[in-house]
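Student: Following this line is run_32.txt, made up of compact mmCIF, C-alpha atoms:
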# COMPACT_ATOMS: atom_id res chain seq x y z
CA MET A 753 0.00 0.00 0.00
CA LYS A 754 1.30 3.35 -0.92
CA LYS A 755 0.32 6.52 0.83
CA ASN A 756 0.75 9.80 -0.85
CA LEU A 757 2.18 12.41 1.47
CA GLU A 758 1.03 15.75 0.35
CA ILE A 759 3.48 18.55 0.91
CA THR A 760 1.57 21.70 1.55
CA ASP A 761 2.67 25.27 1.21
CA GLU A 762 2.64 25.44 4.99
CA ASP A 763 5.14 22.57 5.19
CA ARG A 764 7.47 24.29 2.79
CA LYS A 765 7.39 27.54 4.74
CA ILE A 766 8.02 25.77 8.03
CA ALA A 767 10.90 23.77 6.55
CA ALA A 768 12.52 26.85 5.06
CA PHE A 769 12.33 28.89 8.25
CA ALA A 770 13.42 25.92 10.36
CA ALA A 771 16.44 25.46 8.09
CA LEU A 772 17.39 29.10 8.58
CA ALA A 773 17.00 28.78 12.33
CA ILE A 774 19.04 25.56 12.42
CA VAL A 775 21.94 27.22 10.61
CA ILE A 776 21.95 30.11 13.08
CA HIS A 777 21.64 27.68 15.99
CA VAL A 778 24.62 25.59 14.84
CA LEU A 779 26.79 28.61 14.04
CA GLU A 780 26.05 30.18 17.39
CA SER A 781 27.02 27.04 19.28
CA GLY A 782 30.55 27.52 17.96
CA PHE A 783 31.00 30.82 19.76
CA PRO A 784 32.58 30.67 23.20
CA SER A 785 30.70 32.05 26.17
CA PRO A 786 32.12 33.52 29.39
CA VAL A 787 29.39 31.99 31.54
CA PRO A 788 27.89 28.59 30.77
CA GLY A 789 24.37 29.10 29.49
CA VAL A 790 24.76 32.71 28.43
CA LYS A 791 24.33 33.08 24.69
CA PRO A 792 22.31 35.43 22.50
CA GLY A 793 19.88 32.86 21.14
CA LEU A 794 19.90 34.44 17.71
CA ALA A 795 17.88 31.57 16.25
CA ASN A 796 14.94 32.93 18.18
CA ILE A 797 14.86 35.89 15.78
CA ILE A 798 13.48 33.48 13.19
CA THR A 799 10.88 32.16 15.63
CA LEU A 800 9.81 35.73 16.40
CA LEU A 801 9.50 36.69 12.76
CA VAL A 802 7.51 33.55 11.96
CA LEU A 803 5.24 34.19 14.94
CA PHE A 804 4.41 37.70 13.78
CA ARG A 805 3.99 36.75 10.12
CA TYR A 806 2.26 33.37 10.28
CA GLY A 807 1.06 32.79 13.84
CA TRP A 808 1.89 30.62 16.78
CA ARG A 809 1.46 27.18 15.16
CA TYR A 810 4.16 27.95 12.61
CA ALA A 811 6.44 29.38 15.28
CA ALA A 812 6.07 26.26 17.43
CA TRP A 813 6.97 24.02 14.50
CA VAL A 814 9.99 26.08 13.56
CA SER A 815 11.26 26.30 17.13
CA LEU A 816 10.86 22.60 17.96
CA LEU A 817 12.30 21.46 14.64
CA ARG A 818 15.25 23.75 15.24
CA VAL A 819 15.91 22.30 18.70
CA THR A 820 15.61 18.70 17.49
CA ALA A 821 17.50 18.97 14.22
CA GLY A 822 20.06 21.34 15.73
CA SER A 823 20.85 18.83 18.48
CA LEU A 824 21.17 16.02 15.93
CA LEU A 825 23.70 18.09 13.99
CA LEU A 826 25.65 19.03 17.11
CA GLY A 827 25.52 15.52 18.52
CA THR A 828 23.73 16.57 21.69
CA PHE A 829 20.41 14.84 21.04
CA MET A 830 18.91 13.49 24.32
CA SER A 831 21.86 14.87 26.30
CA PRO A 832 21.45 17.38 29.14
CA THR A 833 22.19 20.16 26.66
CA PHE A 834 19.30 19.02 24.52
CA LEU A 835 16.92 18.72 27.47
CA LEU A 836 17.81 22.23 28.61
CA SER A 837 17.41 23.56 25.10
CA LEU A 838 14.04 21.83 24.73
CA SER A 839 12.70 23.00 28.08
CA GLY A 840 13.71 26.57 27.25
CA ALA A 841 12.06 26.37 23.84
CA LEU A 842 8.84 24.91 25.29
CA ALA A 843 8.67 27.58 27.99
CA SER A 844 9.18 30.44 25.56
CA LEU A 845 6.64 28.92 23.15
CA LEU A 846 4.09 28.76 25.98
CA THR A 847 4.77 32.40 26.81
CA MET A 848 4.36 33.31 23.14
CA LEU A 849 1.07 31.38 23.02
CA LEU A 850 -0.19 33.23 26.06
CA LEU A 851 0.81 36.65 24.73
CA TRP A 852 -0.46 35.79 21.27
CA THR A 853 -3.92 34.65 22.33
CA VAL A 854 -4.55 37.02 25.21
CA MET A 855 -2.94 40.32 24.22
CA ARG A 856 -1.93 40.17 20.59
CA HIS A 857 -3.01 43.74 19.94
CA TRP A 858 -1.03 45.24 22.80
CA VAL A 859 2.37 43.63 22.37
CA GLY A 860 4.98 43.80 19.65
CA LEU A 861 8.33 42.16 19.01
CA VAL A 862 10.02 43.71 22.04
CA GLY A 863 7.51 42.47 24.59
CA VAL A 864 7.26 38.98 23.17
CA SER A 865 11.02 38.64 22.78
CA VAL A 866 11.92 39.86 26.26
CA LEU A 867 9.23 37.93 28.11
CA SER A 868 9.82 34.69 26.23
CA SER A 869 13.54 35.09 26.85
CA ILE A 870 12.93 35.42 30.59
CA SER A 871 10.72 32.33 30.65
CA HIS A 872 13.30 30.46 28.56
CA VAL A 873 16.00 31.19 31.13
CA MET A 874 13.81 30.41 34.13
CA ALA A 875 12.67 27.07 32.69
CA GLN A 876 16.25 26.08 31.95
CA LEU A 877 17.35 27.02 35.44
CA PHE A 878 14.55 25.00 36.96
CA VAL A 879 15.28 21.94 34.82
CA ALA A 880 19.01 22.22 35.50
CA TRP A 881 18.35 22.35 39.22
CA TRP A 882 15.74 19.59 39.10
CA LEU A 883 17.60 17.07 36.94
CA PHE A 884 21.30 17.82 36.99
CA ILE A 885 22.53 19.99 39.83
CA PRO A 886 20.17 19.76 42.81
CA HIS A 887 22.21 22.23 44.82
CA PRO A 888 21.09 25.67 45.98
CA GLY A 889 24.37 27.01 44.61
CA ILE A 890 22.86 27.01 41.13
CA LEU A 891 20.59 29.87 42.19
CA VAL A 892 23.64 32.11 42.11
CA LEU A 893 23.32 31.97 38.33
CA THR A 894 19.76 33.36 38.38
CA PRO A 895 20.56 37.11 38.20
CA ILE A 896 23.27 36.61 35.59
CA LEU A 897 20.98 34.56 33.37
CA ILE A 898 17.98 36.87 33.83
CA THR A 899 20.02 39.98 33.04
CA ALA A 900 21.59 38.38 29.98
CA GLY A 901 18.20 37.04 28.91
CA ILE A 902 16.58 40.46 29.06
CA LEU A 903 19.43 42.19 27.23
CA PHE A 904 19.62 39.57 24.49
CA GLY A 905 15.83 39.47 24.27
CA LEU A 906 15.87 43.20 23.57
CA PHE A 907 18.79 42.83 21.15
CA ASN A 908 16.99 40.09 19.21
CA ALA A 909 13.81 42.15 19.05
CA ILE A 910 15.73 45.06 17.53
CA ILE A 911 17.25 42.82 14.87
CA ALA A 912 13.91 41.11 14.22
CA SER A 913 12.10 44.40 13.78
CA SER A 914 14.68 45.69 11.33
CA ILE A 915 14.31 42.48 9.31
CA GLU A 916 10.54 42.79 9.54
CA LYS A 917 10.78 46.34 8.19
CA ARG A 918 12.80 45.18 5.20
CA LEU A 919 10.37 42.35 4.55
CA THR A 920 7.31 44.60 4.53
CA ASN A 921 8.87 47.60 2.85
CA PRO A 922 11.29 46.75 0.02
CA LYS A 923 12.55 50.38 0.04
CA HIS A 924 14.56 49.60 3.13
CA ASN A 925 16.48 46.93 1.28
CA SER A 926 19.03 49.42 0.01
CA ILE A 927 20.32 50.22 3.48
CA MET B 357 13.01 52.99 15.34
CA ILE B 358 11.10 50.01 16.67
CA LYS B 359 7.38 50.32 17.10
CA MET B 360 6.59 49.89 20.76
CA LYS B 361 3.09 49.08 21.92
CA ILE B 362 1.75 49.56 25.43
CA GLY B 363 2.39 45.91 26.32
CA ASP B 364 6.01 46.25 25.23
CA TRP B 365 6.51 49.15 27.62
CA VAL B 366 4.88 47.21 30.45
CA ILE B 367 7.09 44.17 29.85
CA LEU B 368 10.21 46.33 29.47
CA LEU B 369 9.50 48.17 32.73
CA PHE B 370 8.82 44.85 34.46
CA SER B 371 12.13 43.46 33.27
CA LEU B 372 14.05 46.59 34.27
CA PHE B 373 12.60 46.03 37.73
CA LEU B 374 13.40 42.32 37.60
CA ILE B 375 17.15 42.79 37.03
CA PRO B 376 18.05 44.51 40.32
CA MET B 377 15.51 42.37 42.17
CA SER B 378 17.10 39.12 41.02
CA TRP B 379 20.55 40.37 41.98
CA SER B 380 19.53 41.40 45.47
CA MET B 381 17.49 38.25 46.09
CA THR B 382 20.36 35.86 45.54
CA LYS B 383 22.74 38.01 47.58
CA GLN B 384 20.61 37.70 50.71
CA GLN B 385 20.44 33.97 50.37
CA PRO B 386 23.37 32.33 52.07
CA GLY B 387 23.16 28.55 51.98
CA GLU B 388 21.75 27.32 55.26
CA THR B 389 24.48 25.61 57.14
CA THR B 390 23.22 23.10 59.66
CA ALA B 391 26.27 21.14 60.68
CA VAL B 392 30.03 21.21 60.71
CA LYS B 393 32.03 18.14 59.84
CA ILE B 394 35.57 17.95 61.17
CA THR B 395 37.92 15.42 59.68
CA VAL B 396 41.32 14.63 61.10
CA ALA B 397 43.72 12.53 59.07
CA ASP B 398 42.86 8.86 58.91
CA THR B 399 40.08 9.02 61.47
CA SER B 400 36.35 9.01 60.88
CA PRO B 401 34.88 12.51 60.75
CA ALA B 402 32.92 13.98 63.63
CA THR B 403 29.87 16.16 63.05
CA TYR B 404 28.82 19.09 65.24
CA SER B 405 25.74 21.29 65.14
CA ILE B 406 26.43 24.84 64.01
CA MET B 407 23.90 26.20 66.48
CA GLU B 408 25.85 25.35 69.61
CA ASN B 409 28.77 27.57 70.50
CA HIS B 410 31.85 25.68 71.45
CA GLN B 411 35.52 25.18 70.83
CA ILE B 412 36.76 21.88 69.56
CA LYS B 413 40.29 20.65 70.04
CA VAL B 414 41.52 18.07 67.61
CA THR B 415 44.92 16.44 67.36
CA GLY B 416 46.35 16.27 63.87
CA GLU B 417 49.64 15.33 62.32
CA LEU B 418 51.61 18.18 63.93
CA GLY B 419 49.70 18.85 67.09
CA ASP B 420 46.48 20.39 68.38
CA SER B 421 44.21 22.55 66.27
CA ILE B 422 41.41 24.49 67.92
CA ILE B 423 38.25 25.18 65.93
CA GLU B 424 35.60 27.57 67.18
CA ILE B 425 31.89 27.40 66.34
CA HIS B 426 30.09 30.62 67.25
CA ASP B 427 26.72 32.05 66.16
CA GLY B 428 26.46 29.83 63.11
CA LYS B 429 30.03 30.53 62.00
CA VAL B 430 33.21 28.50 62.12
CA ARG B 431 36.89 29.39 62.25
CA PHE B 432 40.25 28.04 63.25
CA ILE B 433 41.65 29.84 66.28
CA HIS B 434 44.76 27.83 66.87
CA SER B 435 46.90 25.67 64.67
CA PRO B 436 50.41 24.28 64.98
CA CYS B 437 51.10 24.72 61.27
CA SER B 438 53.59 27.29 59.95
CA GLY B 439 51.50 29.03 57.28
CA LYS B 440 48.36 29.64 59.39
CA VAL B 441 46.30 29.83 56.21
CA CYS B 442 43.44 28.10 58.03
CA ILE B 443 43.33 30.79 60.74
CA LEU B 444 43.80 33.69 58.33
CA SER B 445 40.88 32.54 56.19
CA GLY B 446 38.65 33.71 59.03
CA TRP B 447 35.01 32.99 59.69
CA HIS B 448 32.99 30.74 57.40
CA GLN B 449 29.23 30.30 57.34
CA GLN B 450 28.24 29.41 53.76
CA SER B 451 27.26 25.78 53.33
CA GLY B 452 29.54 23.98 50.94
CA ASP B 453 32.55 25.92 52.22
CA HIS B 454 35.58 24.08 53.39
CA ILE B 455 38.46 25.10 55.61
CA ALA B 456 41.48 22.91 55.51
CA CYS B 457 44.76 22.86 57.33
CA LEU B 458 46.87 20.72 55.08
CA PRO B 459 50.04 20.55 57.22
CA ASN B 460 48.08 19.38 60.23
CA LYS B 461 45.71 17.29 58.08
CA VAL B 462 42.56 18.80 59.54
CA GLY B 463 39.55 19.51 57.37
CA VAL B 464 36.37 21.37 58.23
CA SER B 465 33.30 21.19 55.97
CA LEU B 466 30.10 23.17 56.36
CA LEU B 467 27.13 20.99 55.61
CA SER B 468 23.52 21.76 54.76
CA GLN B 469 20.42 19.57 54.84
CA GLU B 470 20.62 18.40 51.29
CA ASP B 471 23.97 18.21 49.64
CA ARG B 472 24.02 15.05 47.63
CA PHE B 473 26.22 16.52 44.94
CA ASP B 474 28.59 19.43 44.53
CA GLY B 475 27.91 19.18 40.83
CA ILE B 476 27.52 16.75 38.01
CA ASN B 477 29.54 16.90 34.85
CA PHE B 478 28.76 15.22 31.57
Could you spell out this file's structure in structure tokens?

Tutor:
Amino acid sequence: MKKNLEITDEDRKIAAFAALAIVIHVLESGFPSPVPGVKPGLANIITLLVLFRYGWRYAAWVSLLRVTAGSLLLGTFMSPTFLLSLSGALASLLTMLLLWTVMRHWVGLVGVSVLSSISHVMAQLFVAWWLFIPHPGILVLTPILITAGILFGLFNAIIASSIEKRLTNPKHNSI
Amino acid sequence: MIKMKIGDWVILLFSLFLIPMSWSMTKQQPGETTAVKITVADTSPATYSIMENHQIKVTGELGDSIIEIHDGKVRFIHSPCSGKVCILSGWHQQSGDHIACLPNKVGVSLLSQEDRFDGINF
């Protein structure tokens, strides 16, 4: 028996954006970081753009595909790194869902980016404490991670909004 | 410039408030030390409550070391060693801290309720 898998336009879009996000994810993992866990999370720019252009369902697909495929490429699938990455992605997707359904008309890129970044960091901290390092000492990382999360959330929102501008208004393309 | 909606401002203000709050919260949170474990070379360690004030005299490799527990803090007050690093390190109260006098082979560890691991590495 043969089943025909229909590839929809939606599938193509998700695959294309996920591919972009995966490339950013893999490139970023090559950069060293002064504090373990602190990194800009540039791949989230793609998730943000997809959320604002196509809605939450698309964003969830892109984000989860990125985490899964990215970990397969980096060889961290099912490792602690992967679990932390996944928990962060799930938490920020939940935050996006909440913001998207409840107050879509009152928030823009900045709000969504910063708040989802905070929830990303908090979820990772909780999972790290729960599964890997059940020691109160890990709480010392909280302020560092929250501060970095907020700053990078803002940074990503600025980049995302400048990309968004170029996407909607071709005039901006010639910098 | 980026378009900012009312919700963005609210979230931004909230996060600006969150940064100093998170820093001050973790500062005021010293690990709760409940007991002090004193180990002298090749003998089984003895554990003392941090709440009781007393001085403990232990005999190590070189001679007698005196360790003082006072108001939830611990320090060495006498040691026969030459460097006196253990005494100079002063008071300790954070759980997970260790004071060691290597020449005299005396170790002091501050314990808390739950310290199964210092850390796990993969």

Student: I need every residue sitting at most 9 Å from the point (18.5, 18.1, 29.4) (coordinates as in the file, all atoms listed in the file considered), written as a list in words.

Tutor: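 Result, sorted by chain then residue number: Met830, Ser831, Pro832, Thr833, Phe834, Leu835, Leu836, Ser837, Leu838, Ser839, Gln876, Val879, Ala880, Leu883 and Phe884 of chain A.
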
Student: Hey, what's within 7 Å of range 844-852 of chain A if we count all atoms listed in the file and toss same-chain stuff fewer than 5 positions away? As a list in words, please?

Tutor: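 Everything that qualifies: Trp808, Ala812, Val864, Ser868, Ser869, Ser871 and His872 of chain A.
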
Student: In Å, how far is it from CA of Ala909 in chain A to CA of Gly807 in chain A?

Tutor: 16.7 Å

Student: Could you pull the residues within 8 Å of range 767-773 of chain A, counting all atoms listed in the file, minus those fewer than 3 positions along the same chain, as a CSV table (one decimal) with C-alpha atoms, in the coordinates of the input?

Tutor:
chain,number,residue,atom,x,y,z
A,763,ASP,CA,5.1,22.6,5.2
A,764,ARG,CA,7.5,24.3,2.8
A,776,ILE,CA,22.0,30.1,13.1
A,777,HIS,CA,21.6,27.7,16.0
A,795,ALA,CA,17.9,31.6,16.2
A,796,ASN,CA,14.9,32.9,18.2
A,798,ILE,CA,13.5,33.5,13.2
A,799,THR,CA,10.9,32.2,15.6
A,802,VAL,CA,7.5,33.6,12.0
A,813,TRP,CA,7.0,24.0,14.5
A,814,VAL,CA,10.0,26.1,13.6
A,815,SER,CA,11.3,26.3,17.1
A,817,LEU,CA,12.3,21.5,14.6
A,818,ARG,CA,15.2,23.8,15.2

Student: Considering all atoms listed in the file, extract the chain A residues located within 7 Å of chain B and return them as a list in words.

Tutor: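 The answer, sorted by residue number, is Trp858, Val859, Gly860, Val862, Gly863, Leu867, Phe884, Ile885, His887, Pro888, Leu891, Val892, Thr894, Pro895, Ile898, Thr899, Ile902, Ile910 and Ser913 of chain A.
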
Student: Using only C-alpha atoms, please write the residues we just selected to a file, as a PDB file, in the frame of the given file.

Tutor:
ATOM      1  CA  TRP A 858      -1.030  45.240  22.800  1.00  0.00           C
ATOM      2  CA  VAL A 859       2.370  43.630  22.370  1.00  0.00           C
ATOM      3  CA  GLY A 860       4.980  43.800  19.650  1.00  0.00           C
ATOM      4  CA  VAL A 862      10.020  43.710  22.040  1.00  0.00           C
ATOM      5  CA  GLY A 863       7.510  42.470  24.590  1.00  0.00           C
ATOM      6  CA  LEU A 867       9.230  37.930  28.110  1.00  0.00           C
ATOM      7  CA  PHE A 884      21.300  17.820  36.990  1.00  0.00           C
ATOM      8  CA  ILE A 885      22.530  19.990  39.830  1.00  0.00           C
ATOM      9  CA  HIS A 887      22.210  22.230  44.820  1.00  0.00           C
ATOM     10  CA  PRO A 888      21.090  25.670  45.980  1.00  0.00           C
ATOM     11  CA  LEU A 891      20.590  29.870  42.190  1.00  0.00           C
ATOM     12  CA  VAL A 892      23.640  32.110  42.110  1.00  0.00           C
ATOM     13  CA  THR A 894      19.760  33.360  38.380  1.00  0.00           C
ATOM     14  CA  PRO A 895      20.560  37.110  38.200  1.00  0.00           C
ATOM     15  CA  ILE A 898      17.980  36.870  33.830  1.00  0.00           C
ATOM     16  CA  THR A 899      20.020  39.980  33.040  1.00  0.00           C
ATOM     17  CA  ILE A 902      16.580  40.460  29.060  1.00  0.00           C
ATOM     18  CA  ILE A 910      15.730  45.060  17.530  1.00  0.00           C
ATOM     19  CA  SER A 913      12.100  44.400  13.780  1.00  0.00           C
TER      20      SER A 913
END

Student: Choose the residue, out of B:Gln450, B:Asn409, B:Thr395, B:Ser465, that has the smallest atom-to-atom separation from Ser421 in chain B; count all atoms listed in the file.

Tutor: B:Thr395

Student: Can you tell me how far CA of Gly840 in chain A sits from CA of Phe804 in chain A, in Å to one decimal?

Tutor: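 Going from CA of Gly840 in chain A over to CA of Phe804 in chain A, I get 19.8 Å.
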
Student: Using only C-alpha atoms, determine which residues lie at most 9 Å from His448 in chain B, disregarding the query and same-chain residues fewer than 5 positions distant; provide the list as a count of residues only.

Tutor: 8

Student: Residues around (21.1, 22.3, 64.6), cut-off 10 Å, counting all atoms listed in the file - what are they as a list in words?

Tutor: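 Residues satisfying the cut-off, written out: Thr389, Thr390, Ala391, Val392, Tyr404, Ser405, Ile406, Met407, Glu408 and Gly428 of chain B.
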
Student: Calculate how many Å separate CA of Ala912 in chain A from CA of Thr853 in chain A, rounding to one decimal.

Tutor: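 Value for the CA of Ala912 in chain A-CA of Thr853 in chain A distance: 20.6 Å.
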
Student: So that I can see what lies close to Ile423 in chain B, please list as number ranges by chain the residues with an atom at most 9 Å from it, counting all atoms listed in the file and leaving out residues fewer than 5 positions away in the same chain.

Tutor: B: 410-414, 430-435, 464

Student: What's the 12 Å shell around range 784-787 of chain A, counting all atoms listed in the file, without same-chain residues fewer than 3 positions away, as an MDAnalysis selection string?

Tutor: chainID A and resid 779:781 790:793 893:894 896:897 900

Student: Keeping only C-alpha atoms, take the residues you just selected and write them out as a PDB file, in the coordinates of the input.

Tutor:
ATOM      1  CA  LEU A 779      26.790  28.610  14.040  1.00  0.00           C
ATOM      2  CA  GLU A 780      26.050  30.180  17.390  1.00  0.00           C
ATOM      3  CA  SER A 781      27.020  27.040  19.280  1.00  0.00           C
ATOM      4  CA  VAL A 790      24.760  32.710  28.430  1.00  0.00           C
ATOM      5  CA  LYS A 791      24.330  33.080  24.690  1.00  0.00           C
ATOM      6  CA  PRO A 792      22.310  35.430  22.500  1.00  0.00           C
ATOM      7  CA  GLY A 793      19.880  32.860  21.140  1.00  0.00           C
ATOM      8  CA  LEU A 893      23.320  31.970  38.330  1.00  0.00           C
ATOM      9  CA  THR A 894      19.760  33.360  38.380  1.00  0.00           C
ATOM     10  CA  ILE A 896      23.270  36.610  35.590  1.00  0.00           C
ATOM     11  CA  LEU A 897      20.980  34.560  33.370  1.00  0.00           C
ATOM     12  CA  ALA A 900      21.590  38.380  29.980  1.00  0.00           C
TER      13      ALA A 900
END

Student: Counting only C-alpha atoms, which residue out of A:Leu861, A:Ala841, A:Ala821, A:Glu762 sits closest to Ser914 in chain A?

Tutor: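 Counting only C-alpha atoms, the residue closest to Ser914 in chain A is A:Leu861.
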